[in-house]
Amino acid sequence: MQILIDIPSQTLSLFGGDGACIRRYRVSTARNGAGEVRGSFCTPRGRHIVRARIGAGAPLGAAFRGRRPTGEVWTPELAAANPGRDWILTRILWLSGTEPGHNRLGDVDSMRRYIYIHGTPDTEPMGVPLSIGCVRMRNRDVAELFELVPAGTPVDIRA
């Protein structure tokens, strides 16, 4: 398995061991574009791995803070009561860069920047860069992807 995230087309593709594309999803990467520096609110480029898988068994729309379930499930009413909240929903695939000096260690460390592939409210558009660095997906899509990829899966993010 391997994941390719293409920032220009706002897609995430999952490839099987034989190199064939087995899933393709619309995603939303960073509003600020591609970049690796901490505090840039950009989506980091380069080679990564799925370092941790968080949220197995949680319901669709389950909310997370600090990678822990809050006990909430997203609804429009909950969103209205929490304006401006950056919703991390359903599942988290926490990414770790593998290229020292580019996306690993120091001020460019993707894992220390808390870069995830995660669910977002289904009211948010896909195919449009709107995140603050993470790769957002539809809740059903991230739940499906989560079941298909183990920890250690390579992830290549391209601009």
# chains A, B, ... in the order shown; residues from 1 in each chain; ligands from 1
$ select_by_dssp --residues "stretch 26-114 of chain A" --states "alpha helix (DSSP H)" --output "PyMOL selection string"
chain A and resi 76-81
$ select_by_dssp --residues "chain A" --states "strand (DSSP E)" --output "VMD selection string"
chain A and resid 2 to 6 11 to 15 21 to 26 46 to 54 62 to 65 68 to 73 88 to 97 116 to 119 135 to 137 154 to 158
$ closest_atom_pairs --of "stretch 71-112 of chain A" --to "stretch 134-152 of chain A" --cutoff "9 Å" --atoms "only C-alpha atoms" --output "Markdown table"
| residue | atom | partner | partner_atom | distance |
| --- | --- | --- | --- | --- |
| A:Ile88 | CA | A:Arg136 | CA | 8.5 |
| A:Leu89 | CA | A:Asn139 | CA | 7.0 |
| A:Thr90 | CA | A:Asn139 | CA | 6.0 |
| A:Arg91 | CA | A:Ala143 | CA | 6.2 |
| A:Ile92 | CA | A:Phe146 | CA | 8.0 |
| A:Leu93 | CA | A:Phe146 | CA | 7.3 |
$ closest_atom_pairs --of "stretch 106-149 of chain A" --to "stretch 69-80 of chain A" --cutoff "10 Å" --atoms "only C-alpha atoms" --output "Markdown table"
| residue | atom | partner | partner_atom | distance |
| --- | --- | --- | --- | --- |
| A:Thr120 | CA | A:Trp74 | CA | 9.1 |
| A:Pro121 | CA | A:Trp74 | CA | 7.2 |
| A:Asp122 | CA | A:Trp74 | CA | 9.7 |
| A:Thr123 | CA | A:Pro76 | CA | 8.9 |
$ closest_residue --among "A:Ser96, A:Asn82, A:Thr29, A:Thr43" --to "A:Pro129" --atoms "only C-alpha atoms"
A:Thr29
$ closest_residue --among "A:Gly119, A:Gly97, A:Gly127, A:Gly66" --to "A:Arg45" --atoms "only C-alpha atoms"
A:Gly97
$ residues_around --residues "A:Asp6" --least-positions-apart "6" --cutoff "10 Å" --atoms "only C-alpha atoms" --output "list in words"
Leu12, Ser13, Arg26, Val27, Thr29, Arg45, Asp156, Ile157, Arg158 and Ala159 of chain A
$ closest_residue --among "A:Gly39, A:Ser28, A:Arg47, A:Ile22" --to "A:Ile7" --atoms "only C-alpha atoms"
A:Ser28
$ residues_around --residues "A:Ser40" --least-positions-apart "3" --cutoff "10 Å" --atoms "only C-alpha atoms" --output "list of chain:residue names"
A:Ala30, A:Asn32, A:Gly33, A:Ala34, A:Gly35, A:Glu36, A:Val37, A:Thr43, A:Pro44, A:Val108, A:Arg113, A:Ile132, A:Gly133
$ atom_distance --atom1 "atom CA of A:Leu14" --atom2 "atom CA of A:Thr98"
18.8 Å
$ atom_distance --atom1 "atom CA of A:Ile54" --atom2 "atom CA of A:Met1"
18.5 Å
